[in-house]
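J.: Before I ask anything, here is the structure I am working with.
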Protein chains: 2
Amino acid sequence: MHVVVTLSAAEAQPWMDLFCEALPGARVVRREPGHPVEDAESPADYVVLAEPCRTVFDAQPSPKAVFTASAGVGHLLRVPNLPRDVPVVRLEDAGMAGPMSRYVLAAALRFSQRMDVYARQQHARCWDQQHEHAPRELRAGVLGLGVIGGAIAAALVGQGFAVRGYAMTERRLEGVECFAGRDRLDAFLDGVDFLVNALPLTPATTGLLDAERLARLADGAHVVNVGRGRTLVDADLLALIDSGKLSGATLDVFTEEPPPHVSGLTVPADAVAQIAAKIGRLERGEAVTGLLDRERGY
Amino acid sequence: MHVVVTLSAAEAQPWMDLFCEALPGARVVRREPGHPVEDAESPADYVVLAEPCRTVFDAQPSPKAVFTASAGVGHLLRVPNLPRDVPVVRLEDAGMAGPMSRYVLAAALRFSQRMDVYARQQHARCWDQQHEHAPRELRAGVLGLGVIGGAIAAALVGQGFAVRGYAMTERRLEGVECFAGRDRLDAFLDGVDFLVNALPLTPATTGLLDAERLARLADGAHVVNVGRGRTLVDADLLALIDSGKLSGATLDVFTEEPPPHVSGLTVPADAVAQIAAKIGRLERGEAVTGLLDRERGY
């Protein structure tokens, strides 16, 4: 078996070691992202995009499957010669769901305990006791109920928040009131105190959270974005915070992105183990999860 | 039955309504804290100190039991004429354990996610990605394993922290490595990354967390105090933060106390229900929990 991994030299360790260890007997070759085609590039069974690369498919027009080492696939869908009929498999959760749930839970507890208010008081050296918002009295809403959104919803349920969730298709999650489909989005948003975006970025989710939709949230609501920056209209969010409608936001992603993402980093060992296990399943003719639906865009 | 409640007029609602409702048929009388004895004060079956009061026992030398509406009893032990042989019952948990666990959990998640580092970066407008300390790799230590300390330890276990606990006497808590007795204190402290104090204030715990004991913690450790301010030597804590040995602290209590406590407020309805239920048990000749051990001081 022959596997090509797009990965720049600077990042090659420990990924290549992990791939070689996880795929014994396979020929695992690193390809520099963006590098033009060389004559020597023989056809691979599998292509793994550990880093985005626009040239790999010039040399690999028909692998058995393409894997990404990230949950997001936007970069891949913009590659002009991505083979049309090859299955594309995204990373579903490679250690990110736990950290991302904790990131959101920390923001939720901070909000319920009014810590932003106390931080301002501390700065002003004044002390005015605020009542905690009991989690059961706070309506938390999670947009996106995939592996990551589902884990976030479960973490909030575990701390007693009143959790609702929204997905394009029907879902069932313990303790979560689920809303499905675009015509239920407004009902989902109405009166939410703590909104978490964990949607993928697609044409349908770009600019989804604009002034009109955010205005449906409860007065004083808090917005968390751990999905993609362009799902939330930054300027609309800021205007609603300035007007006092929203009390604040916890943003791990932005439309313009200088800061790093910190809510959940990919754990290389987990990512490689997941990809190697799926290659094993495909080799045995078994189904894999995390297949990209090109029409939906995720 | 006759119950005297020490409670200033400003605070009387909703406590008195709750007591009257919870003790139907009883004569429930409010007494202004610090008010001198009046001839009219008839002997009560039970005294409830909803607020500290140094004069109530001048009029009530021998109630069947004394209740406090707080977990701490330090104020009561300093009342000179507290009847010697009357059982004193402290509030064990009246809605505080949940909020206090969430307060500590928020601090633990903030620490594990390096949010203090990011807050400084945000201020300086620079972004340098920090690796999350995975909870399972963080040794969290809880000093005091009563109702509140036990709930805090359970909340930390629930998020995957490696939790150890310390109490004067043997305890068993699911998922918690328990240390018992003063000669095990140093072993408990050694290498702890996230220390939580939930001990009562007694002569034995006053100044317990001094420079020598705090130096046993792991480099970069974080200290949380939700117990009593005087258990922690503030100056020693600050010196260890300034030296870089400790990375920070989350303090809800202080030696000198202008700020309010915010980690867990008593919920009047829960406190009154607990006290009324215990009065019912005592009237039926049954045992109650939360009895003050005057020798230990809690």
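Residues in the structure tokens are named by chain (A, B, ... in the order shown) and by number from 1 within that chain; ligands are numbered from 1 in the order shown.
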So that each row is one residue of chain B with an atom at most 9 Å from chain A, can you give its shortest atom pair and the distance in Å to one decimal, using only C-alpha atoms, rows by chain and rising number, as CSV?

T.:
```
residue,atom,partner,partner_atom,distance
B:Pro99,CA,A:Glu132,CA,7.8
B:Arg102,CA,A:Leu109,CA,6.7
B:Tyr103,CA,A:Gln113,CA,7.3
B:Leu105,CA,A:Ala106,CA,8.0
B:Ala106,CA,A:Ala106,CA,5.4
B:Ala107,CA,A:Ala106,CA,8.2
B:Ala108,CA,A:Ala106,CA,8.7
B:Leu109,CA,A:Ala106,CA,5.8
B:Arg110,CA,A:Ala106,CA,6.5
B:Gln113,CA,A:Tyr103,CA,7.3
B:Cys126,CA,A:Pro259,CA,7.9
B:Trp127,CA,A:Pro259,CA,5.5
B:Asp128,CA,A:Pro260,CA,7.3
B:Gln129,CA,A:Pro260,CA,6.1
B:Gln130,CA,A:Val262,CA,7.5
B:His131,CA,A:Val262,CA,8.1
B:Glu132,CA,A:Pro99,CA,7.8
B:Ala134,CA,A:Pro99,CA,7.9
B:Gln159,CA,A:Arg102,CA,8.2
B:Pro258,CA,A:Trp127,CA,7.9
B:Pro259,CA,A:Trp127,CA,5.5
B:Pro260,CA,A:Gln129,CA,6.1
B:His261,CA,A:Gln129,CA,7.7
B:Val262,CA,A:Gln129,CA,6.7
B:Ser263,CA,A:Gln113,CA,8.1
B:Gly264,CA,A:Glu132,CA,8.4
B:Leu265,CA,A:His131,CA,8.1
```

J.: Store the residues of this selection in a file with N, CA and C atoms, as a PDB file, in the first residue's frame.

T.:
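Below is the file that was written, out_15.pdb:
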```pdb
ATOM      1  N   PRO B  99     -23.043  25.712  43.611  1.00  0.00           N
ATOM      2  CA  PRO B  99     -22.339  26.905  43.125  1.00  0.00           C
ATOM      3  C   PRO B  99     -20.847  26.888  43.442  1.00  0.00           C
ATOM      4  N   ARG B 102     -19.043  24.699  41.097  1.00  0.00           N
ATOM      5  CA  ARG B 102     -18.941  25.320  39.767  1.00  0.00           C
ATOM      6  C   ARG B 102     -17.898  26.434  39.764  1.00  0.00           C
ATOM      7  N   TYR B 103     -17.823  27.176  40.877  1.00  0.00           N
ATOM      8  CA  TYR B 103     -16.817  28.236  40.990  1.00  0.00           C
ATOM      9  C   TYR B 103     -15.412  27.638  40.880  1.00  0.00           C
ATOM     10  N   LEU B 105     -14.641  24.645  39.648  1.00  0.00           N
ATOM     11  CA  LEU B 105     -14.477  24.018  38.333  1.00  0.00           C
ATOM     12  C   LEU B 105     -14.124  25.063  37.278  1.00  0.00           C
ATOM     13  N   ALA B 106     -14.775  26.226  37.345  1.00  0.00           N
ATOM     14  CA  ALA B 106     -14.453  27.302  36.394  1.00  0.00           C
ATOM     15  C   ALA B 106     -12.985  27.696  36.535  1.00  0.00           C
ATOM     16  N   ALA B 107     -12.506  27.804  37.770  1.00  0.00           N
ATOM     17  CA  ALA B 107     -11.098  28.167  37.991  1.00  0.00           C
ATOM     18  C   ALA B 107     -10.171  27.062  37.474  1.00  0.00           C
ATOM     19  N   ALA B 108     -10.571  25.812  37.670  1.00  0.00           N
ATOM     20  CA  ALA B 108      -9.738  24.679  37.229  1.00  0.00           C
ATOM     21  C   ALA B 108      -9.647  24.641  35.706  1.00  0.00           C
ATOM     22  N   LEU B 109     -10.770  24.853  35.030  1.00  0.00           N
ATOM     23  CA  LEU B 109     -10.770  24.834  33.565  1.00  0.00           C
ATOM     24  C   LEU B 109      -9.975  26.028  33.017  1.00  0.00           C
ATOM     25  N   ARG B 110     -10.136  27.173  33.679  1.00  0.00           N
ATOM     26  CA  ARG B 110      -9.382  28.363  33.275  1.00  0.00           C
ATOM     27  C   ARG B 110      -7.876  28.101  33.385  1.00  0.00           C
ATOM     28  N   GLN B 113      -6.672  25.471  30.781  1.00  0.00           N
ATOM     29  CA  GLN B 113      -6.679  26.017  29.420  1.00  0.00           C
ATOM     30  C   GLN B 113      -5.767  27.224  29.255  1.00  0.00           C
ATOM     31  N   CYS B 126      -0.740  40.160  21.601  1.00  0.00           N
ATOM     32  CA  CYS B 126       0.135  39.174  20.978  1.00  0.00           C
ATOM     33  C   CYS B 126      -0.500  37.802  21.159  1.00  0.00           C
ATOM     34  N   TRP B 127      -0.149  36.853  20.311  1.00  0.00           N
ATOM     35  CA  TRP B 127      -0.804  35.547  20.317  1.00  0.00           C
ATOM     36  C   TRP B 127       0.233  34.461  20.199  1.00  0.00           C
ATOM     37  N   ASP B 128       0.373  33.718  21.247  1.00  0.00           N
ATOM     38  CA  ASP B 128       1.330  32.628  21.252  1.00  0.00           C
ATOM     39  C   ASP B 128       0.595  31.416  21.815  1.00  0.00           C
ATOM     40  N   GLN B 129       0.357  30.449  20.930  1.00  0.00           N
ATOM     41  CA  GLN B 129      -0.482  29.311  21.300  1.00  0.00           C
ATOM     42  C   GLN B 129       0.135  28.493  22.443  1.00  0.00           C
ATOM     43  N   GLN B 130      -0.663  28.264  23.478  1.00  0.00           N
ATOM     44  CA  GLN B 130      -0.234  27.477  24.629  1.00  0.00           C
ATOM     45  C   GLN B 130      -0.881  26.098  24.540  1.00  0.00           C
ATOM     46  N   HIS B 131      -0.174  25.081  24.980  1.00  0.00           N
ATOM     47  CA  HIS B 131      -0.833  23.783  25.017  1.00  0.00           C
ATOM     48  C   HIS B 131      -1.702  23.676  26.260  1.00  0.00           C
ATOM     49  N   GLU B 132      -2.923  23.179  26.053  1.00  0.00           N
ATOM     50  CA  GLU B 132      -3.790  22.910  27.200  1.00  0.00           C
ATOM     51  C   GLU B 132      -3.103  21.878  28.093  1.00  0.00           C
ATOM     52  N   ALA B 134      -3.850  18.879  29.867  1.00  0.00           N
ATOM     53  CA  ALA B 134      -4.972  17.934  29.920  1.00  0.00           C
ATOM     54  C   ALA B 134      -5.322  17.683  31.388  1.00  0.00           C
ATOM     55  N   GLN B 159     -14.610  16.026  35.506  1.00  0.00           N
ATOM     56  CA  GLN B 159     -13.960  16.609  34.322  1.00  0.00           C
ATOM     57  C   GLN B 159     -12.600  15.962  34.050  1.00  0.00           C
ATOM     58  N   PRO B 258     -12.876  43.263  52.485  1.00  0.00           N
ATOM     59  CA  PRO B 258     -13.931  44.108  51.900  1.00  0.00           C
ATOM     60  C   PRO B 258     -14.798  43.392  50.862  1.00  0.00           C
ATOM     61  N   PRO B 259     -14.234  42.544  49.958  1.00  0.00           N
ATOM     62  CA  PRO B 259     -15.107  42.041  48.892  1.00  0.00           C
ATOM     63  C   PRO B 259     -16.133  41.040  49.434  1.00  0.00           C
ATOM     64  N   PRO B 260     -17.261  40.915  48.737  1.00  0.00           N
ATOM     65  CA  PRO B 260     -18.238  39.903  49.154  1.00  0.00           C
ATOM     66  C   PRO B 260     -17.754  38.518  48.732  1.00  0.00           C
ATOM     67  N   HIS B 261     -18.283  37.497  49.363  1.00  0.00           N
ATOM     68  CA  HIS B 261     -18.039  36.138  48.877  1.00  0.00           C
ATOM     69  C   HIS B 261     -18.991  35.883  47.731  1.00  0.00           C
ATOM     70  N   VAL B 262     -18.483  35.286  46.675  1.00  0.00           N
ATOM     71  CA  VAL B 262     -19.354  35.080  45.522  1.00  0.00           C
ATOM     72  C   VAL B 262     -19.419  33.621  45.087  1.00  0.00           C
ATOM     73  N   SER B 263     -18.559  32.777  45.674  1.00  0.00           N
ATOM     74  CA  SER B 263     -18.508  31.414  45.144  1.00  0.00           C
ATOM     75  C   SER B 263     -19.773  30.642  45.452  1.00  0.00           C
ATOM     76  N   GLY B 264     -20.383  30.875  46.610  1.00  0.00           N
ATOM     77  CA  GLY B 264     -21.587  30.133  46.931  1.00  0.00           C
ATOM     78  C   GLY B 264     -22.412  30.892  47.948  1.00  0.00           C
ATOM     79  N   LEU B 265     -23.549  31.373  47.513  1.00  0.00           N
ATOM     80  CA  LEU B 265     -24.414  32.106  48.430  1.00  0.00           C
ATOM     81  C   LEU B 265     -25.410  31.127  49.038  1.00  0.00           C
TER      82      LEU B 265
END
```

J.: Show me, as a list of chain:residue names, the residues that have an atom within 12 Å of Ala204 in chain B when counting only C-alpha atoms, minus same-chain residues fewer than 2 positions from it.

T.: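 Once the adjacent positions are removed, what remains is B:Met168, B:Gly181, B:Arg182, B:Leu199, B:Pro200, B:Leu201, B:Thr202, B:Thr206, B:Gly207, B:Leu208, B:Leu209, B:Arg230, B:Thr231, B:Glu295, B:Arg296, B:Gly297, B:Tyr298.
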
J.: So that I have them on file, write out the residues from the current selection with N, CA and C atoms, as a PDB file, in the first residue's frame.

T.:
```
ATOM      1  N   MET B 168      -8.951  15.653  58.091  1.00  0.00           N
ATOM      2  CA  MET B 168      -8.358  15.269  59.374  1.00  0.00           C
ATOM      3  C   MET B 168      -8.588  13.784  59.644  1.00  0.00           C
ATOM      4  N   GLY B 181      -5.197  13.066  58.216  1.00  0.00           N
ATOM      5  CA  GLY B 181      -4.390  13.401  59.392  1.00  0.00           C
ATOM      6  C   GLY B 181      -3.209  14.295  59.075  1.00  0.00           C
ATOM      7  N   ARG B 182      -2.834  15.091  60.083  1.00  0.00           N
ATOM      8  CA  ARG B 182      -1.817  16.110  59.896  1.00  0.00           C
ATOM      9  C   ARG B 182      -0.481  15.566  59.402  1.00  0.00           C
ATOM     10  N   LEU B 199     -11.307  24.068  53.864  1.00  0.00           N
ATOM     11  CA  LEU B 199     -11.288  23.717  55.285  1.00  0.00           C
ATOM     12  C   LEU B 199     -12.042  24.763  56.105  1.00  0.00           C
ATOM     13  N   PRO B 200     -12.615  24.335  57.224  1.00  0.00           N
ATOM     14  CA  PRO B 200     -13.169  25.317  58.166  1.00  0.00           C
ATOM     15  C   PRO B 200     -12.025  26.043  58.865  1.00  0.00           C
ATOM     16  N   LEU B 201     -12.321  27.225  59.425  1.00  0.00           N
ATOM     17  CA  LEU B 201     -11.298  27.951  60.186  1.00  0.00           C
ATOM     18  C   LEU B 201     -11.346  27.501  61.644  1.00  0.00           C
ATOM     19  N   THR B 202     -10.260  26.922  62.090  1.00  0.00           N
ATOM     20  CA  THR B 202     -10.122  26.490  63.483  1.00  0.00           C
ATOM     21  C   THR B 202      -8.717  26.898  63.908  1.00  0.00           C
ATOM     22  N   THR B 206      -5.726  27.770  61.099  1.00  0.00           N
ATOM     23  CA  THR B 206      -5.336  29.178  60.941  1.00  0.00           C
ATOM     24  C   THR B 206      -3.866  29.254  60.531  1.00  0.00           C
ATOM     25  N   GLY B 207      -3.595  29.911  59.423  1.00  0.00           N
ATOM     26  CA  GLY B 207      -2.210  30.033  58.938  1.00  0.00           C
ATOM     27  C   GLY B 207      -1.627  28.736  58.416  1.00  0.00           C
ATOM     28  N   LEU B 208      -2.483  27.755  58.152  1.00  0.00           N
ATOM     29  CA  LEU B 208      -1.995  26.435  57.717  1.00  0.00           C
ATOM     30  C   LEU B 208      -1.214  26.532  56.412  1.00  0.00           C
ATOM     31  N   LEU B 209      -1.725  27.309  55.463  1.00  0.00           N
ATOM     32  CA  LEU B 209      -1.076  27.399  54.151  1.00  0.00           C
ATOM     33  C   LEU B 209      -0.107  28.577  54.163  1.00  0.00           C
ATOM     34  N   ARG B 230      -8.274  33.283  56.663  1.00  0.00           N
ATOM     35  CA  ARG B 230      -7.135  33.181  57.575  1.00  0.00           C
ATOM     36  C   ARG B 230      -6.428  31.830  57.538  1.00  0.00           C
ATOM     37  N   THR B 231      -6.949  30.870  56.768  1.00  0.00           N
ATOM     38  CA  THR B 231      -6.227  29.601  56.595  1.00  0.00           C
ATOM     39  C   THR B 231      -5.000  29.793  55.706  1.00  0.00           C
ATOM     40  N   GLU B 295     -14.358  20.824  70.363  1.00  0.00           N
ATOM     41  CA  GLU B 295     -12.925  20.628  70.529  1.00  0.00           C
ATOM     42  C   GLU B 295     -12.196  20.864  69.199  1.00  0.00           C
ATOM     43  N   ARG B 296     -12.767  20.285  68.108  1.00  0.00           N
ATOM     44  CA  ARG B 296     -12.158  20.477  66.792  1.00  0.00           C
ATOM     45  C   ARG B 296     -12.410  21.888  66.277  1.00  0.00           C
ATOM     46  N   GLY B 297     -13.545  22.468  66.726  1.00  0.00           N
ATOM     47  CA  GLY B 297     -13.861  23.825  66.285  1.00  0.00           C
ATOM     48  C   GLY B 297     -14.684  23.882  65.021  1.00  0.00           C
ATOM     49  N   TYR B 298     -15.241  22.749  64.594  1.00  0.00           N
ATOM     50  CA  TYR B 298     -16.152  22.760  63.436  1.00  0.00           C
ATOM     51  C   TYR B 298     -17.065  21.557  63.512  1.00  0.00           C
TER      52      TYR B 298
END
```

J.: So which one's closest to Gly290 in chain B, B:Ile275, B:Leu217, B:Leu76, B:Leu23? Using only C-alpha atoms, please.

T.: B:Ile275

J.: Please identify all polymer residues within 8 Å of Ala276 in chain B, counting only C-alpha atoms, omitting same-chain residues fewer than 4 positions from it, and present them as a ChimeraX atom specification.

T.: /B:19,22-23,272,280

J.: Would you mind exporting the chosen residues as a tab-separated table (two decimals), in the first residue's frame, restricted to all heavy atoms?

T.:
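This is the output file out-v2.tsv:
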```
chain	number	residue	atom	x	y	z
B	19	PHE	N	-39.50	30.46	57.46
B	19	PHE	CA	-39.50	29.73	58.73
B	19	PHE	C	-40.94	29.45	59.18
B	19	PHE	O	-41.25	28.35	59.64
B	19	PHE	CB	-38.75	30.51	59.82
B	19	PHE	CG	-37.27	30.21	59.84
B	19	PHE	CD1	-36.34	31.20	59.51
B	19	PHE	CD2	-36.80	28.95	60.18
B	19	PHE	CE1	-34.99	30.93	59.52
B	19	PHE	CE2	-35.43	28.67	60.19
B	19	PHE	CZ	-34.52	29.67	59.85
B	22	ALA	N	-42.29	26.68	57.11
B	22	ALA	CA	-41.63	25.38	57.29
B	22	ALA	C	-41.91	24.79	58.67
B	22	ALA	O	-41.72	23.59	58.88
B	22	ALA	CB	-40.12	25.54	57.09
B	23	LEU	N	-42.34	25.64	59.61
B	23	LEU	CA	-42.59	25.16	60.99
B	23	LEU	C	-44.03	25.50	61.38
B	23	LEU	O	-44.26	26.33	62.27
B	23	LEU	CB	-41.60	25.83	61.95
B	23	LEU	CG	-40.12	25.46	61.75
B	23	LEU	CD1	-39.22	26.44	62.49
B	23	LEU	CD2	-39.85	24.04	62.23
B	272	VAL	N	-33.53	27.08	55.26
B	272	VAL	CA	-34.67	26.95	56.17
B	272	VAL	C	-35.22	25.53	56.13
B	272	VAL	O	-35.54	24.94	57.17
B	272	VAL	CB	-35.76	27.98	55.81
B	272	VAL	CG1	-37.05	27.69	56.56
B	272	VAL	CG2	-35.25	29.39	56.12
B	280	GLY	N	-37.38	18.94	63.26
B	280	GLY	CA	-38.33	17.82	63.27
B	280	GLY	C	-37.69	16.54	63.78
B	280	GLY	O	-38.27	15.81	64.60
```

J.: Could you name the residues that touch Phe194 in chain B at 7 Å or less, counting only C-alpha atoms, but leaving out those on the same chain fewer than 4 positions away, as a PyMOL selection string?

T.: chain B and resi 139-141+221-223

J.: Can you check which residues of range 136-273 of chain A DSSP gives as strand (DSSP E or B) on the backbone and send them as a PyMOL selection string?

T.: chain A and resi 139-143+162-167+177-180+194-197+209+221-225+232+246-251

J.: Enter the distance from CA of Leu91 in chain A to CA of Arg164 in chain A, in Å, rounded to one decimal.

T.: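 Computing the Euclidean distance for CA of Leu91 in chain A and CA of Arg164 in chain A yields 25.1 Å.
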
J.: Quick one: residues within 12 Å of range 70-75 of chain A, only C-alpha atoms, excluding same-chain residues fewer than 4 positions away - as a VMD selection string?

T.: chain A and resid 48 to 54 66 79 to 80 82 88 to 97 146 to 149 198 to 203 206 226 to 228 230 264 to 268 270 to 272 274 to 275 290 to 294 296 to 298

J.: Mind dumping the selected residues with C-alpha atoms as a PDB file, in the first residue's frame?

T.:
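Final file, out08.pdb:
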```
ATOM      1  CA  VAL A  48      -3.713  12.362   3.534  1.00  0.00           C
ATOM      2  CA  LEU A  49      -3.847  16.147   3.655  1.00  0.00           C
ATOM      3  CA  ALA A  50      -2.104  16.774   6.950  1.00  0.00           C
ATOM      4  CA  GLU A  51      -1.713  20.308   5.594  1.00  0.00           C
ATOM      5  CA  PRO A  52      -3.733  21.982   2.821  1.00  0.00           C
ATOM      6  CA  CYS A  53      -2.177  21.416  -0.609  1.00  0.00           C
ATOM      7  CA  ARG A  54      -3.377  22.562  -4.045  1.00  0.00           C
ATOM      8  CA  VAL A  66      -8.606  11.340   0.499  1.00  0.00           C
ATOM      9  CA  VAL A  79      -8.874  22.827  -4.665  1.00  0.00           C
ATOM     10  CA  PRO A  80      -9.742  22.950  -8.409  1.00  0.00           C
ATOM     11  CA  LEU A  82     -10.001  17.526  -6.292  1.00  0.00           C
ATOM     12  CA  VAL A  88     -13.162  12.435   1.093  1.00  0.00           C
ATOM     13  CA  VAL A  89     -12.984  11.626   4.816  1.00  0.00           C
ATOM     14  CA  ARG A  90     -12.735  14.399   7.383  1.00  0.00           C
ATOM     15  CA  LEU A  91     -11.284  14.102  10.845  1.00  0.00           C
ATOM     16  CA  GLU A  92     -14.233  13.596  13.162  1.00  0.00           C
ATOM     17  CA  ASP A  93     -12.663  14.022  16.565  1.00  0.00           C
ATOM     18  CA  ALA A  94      -9.000  13.554  17.229  1.00  0.00           C
ATOM     19  CA  GLY A  95      -8.782  14.733  20.778  1.00  0.00           C
ATOM     20  CA  MET A  96     -10.519  18.037  20.030  1.00  0.00           C
ATOM     21  CA  ALA A  97     -13.989  17.247  21.363  1.00  0.00           C
ATOM     22  CA  GLY A 146     -21.840  16.646  15.145  1.00  0.00           C
ATOM     23  CA  VAL A 147     -19.158  14.916  17.199  1.00  0.00           C
ATOM     24  CA  ILE A 148     -17.895  18.212  18.596  1.00  0.00           C
ATOM     25  CA  GLY A 149     -21.235  20.000  19.020  1.00  0.00           C
ATOM     26  CA  ALA A 198     -20.105  24.655  16.339  1.00  0.00           C
ATOM     27  CA  LEU A 199     -21.330  24.571  12.724  1.00  0.00           C
ATOM     28  CA  PRO A 200     -19.059  23.830   9.774  1.00  0.00           C
ATOM     29  CA  LEU A 201     -18.525  26.674   7.295  1.00  0.00           C
ATOM     30  CA  THR A 202     -20.591  26.103   4.176  1.00  0.00           C
ATOM     31  CA  PRO A 203     -22.379  28.485   1.814  1.00  0.00           C
ATOM     32  CA  THR A 206     -21.682  31.770   6.001  1.00  0.00           C
ATOM     33  CA  VAL A 226     -15.743  27.649  18.213  1.00  0.00           C
ATOM     34  CA  GLY A 227     -16.904  26.798  14.688  1.00  0.00           C
ATOM     35  CA  ARG A 228     -15.724  29.054  11.904  1.00  0.00           C
ATOM     36  CA  ARG A 230     -17.329  33.582   8.878  1.00  0.00           C
ATOM     37  CA  GLY A 264      -9.130  22.425  20.739  1.00  0.00           C
ATOM     38  CA  LEU A 265      -5.869  21.461  19.123  1.00  0.00           C
ATOM     39  CA  THR A 266      -5.581  18.335  17.023  1.00  0.00           C
ATOM     40  CA  VAL A 267      -3.697  15.646  18.906  1.00  0.00           C
ATOM     41  CA  PRO A 268      -1.430  14.085  16.240  1.00  0.00           C
ATOM     42  CA  ASP A 270      -5.263  10.572  17.897  1.00  0.00           C
ATOM     43  CA  ALA A 271      -5.584  11.944  14.366  1.00  0.00           C
ATOM     44  CA  VAL A 272      -3.172   9.388  12.900  1.00  0.00           C
ATOM     45  CA  GLN A 274      -8.201   7.536  13.417  1.00  0.00           C
ATOM     46  CA  ILE A 275      -6.977   7.859   9.809  1.00  0.00           C
ATOM     47  CA  GLY A 290     -16.914  11.255   8.455  1.00  0.00           C
ATOM     48  CA  LEU A 291     -17.464  11.125   4.694  1.00  0.00           C
ATOM     49  CA  LEU A 292     -17.692  14.538   3.078  1.00  0.00           C
ATOM     50  CA  ASP A 293     -21.059  15.308   1.499  1.00  0.00           C
ATOM     51  CA  ARG A 294     -19.928  17.668  -1.262  1.00  0.00           C
ATOM     52  CA  ARG A 296     -23.808  20.080   1.856  1.00  0.00           C
ATOM     53  CA  GLY A 297     -20.173  21.132   2.031  1.00  0.00           C
ATOM     54  CA  TYR A 298     -19.239  19.138   5.143  1.00  0.00           C
TER      55      TYR A 298
END
```

J.: Using only C-alpha atoms, which residue out of A:Leu145, A:Ala26, A:Leu18, A:Val163 lies closest to Ala273 in chain A?

T.: A:Leu18

J.: Quick one: pull the distance between CA of Leu238 in chain B and CA of Asp183 in chain B, Å, one decimal.

T.: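 Separation between CA of Leu238 in chain B and CA of Asp183 in chain B: 26.2 Å.
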
J.: Report the residues of range 56-261 of chain A whose backbone DSSP state falls under alpha helix (DSSP H), written as a VMD selection string.

T.: chain A and resid 56 to 59 74 to 77 97 to 112 115 to 124 147 to 158 185 to 189 211 to 214 234 to 242

J.: Pick out the residues sitting within 6 Å of range 2-9 of chain A, and hand them over as a PDB file with C-alpha atoms, in the first residue's frame; count only C-alpha atoms, and ignore anything fewer than 2 positions along from it in its own chain.

T.:
```pdb
ATOM      1  CA  GLU A  11       5.993  19.942  10.697  1.00  0.00           C
ATOM      2  CA  ALA A  12       7.059  16.480   9.588  1.00  0.00           C
ATOM      3  CA  ALA A  26       2.776   0.562   3.876  1.00  0.00           C
ATOM      4  CA  ARG A  27       5.002   2.876   1.874  1.00  0.00           C
ATOM      5  CA  VAL A  28       4.352   6.282   3.486  1.00  0.00           C
ATOM      6  CA  VAL A  29       5.752   9.238   1.550  1.00  0.00           C
ATOM      7  CA  ARG A  30       5.772  12.878   2.570  1.00  0.00           C
ATOM      8  CA  ARG A  31       4.882  15.462  -0.079  1.00  0.00           C
ATOM      9  CA  GLU A  32       5.734  19.142   0.388  1.00  0.00           C
ATOM     10  CA  PRO A  33       2.481  21.159   0.195  1.00  0.00           C
ATOM     11  CA  ALA A  44      -0.910   6.417  -4.217  1.00  0.00           C
ATOM     12  CA  ASP A  45      -3.735   4.349  -2.708  1.00  0.00           C
ATOM     13  CA  TYR A  46      -4.530   7.079  -0.199  1.00  0.00           C
ATOM     14  CA  VAL A  47      -3.820  10.793   0.070  1.00  0.00           C
ATOM     15  CA  VAL A  48      -3.713  12.362   3.534  1.00  0.00           C
ATOM     16  CA  LEU A  49      -3.847  16.147   3.655  1.00  0.00           C
ATOM     17  CA  ALA A  50      -2.104  16.774   6.950  1.00  0.00           C
ATOM     18  CA  GLU A  51      -1.713  20.308   5.594  1.00  0.00           C
TER      19      GLU A  51
END
```

J.: So how far away is CA of Ala187 in chain B from CA of Asp210 in chain B, in Å?

T.: 15.6 Å
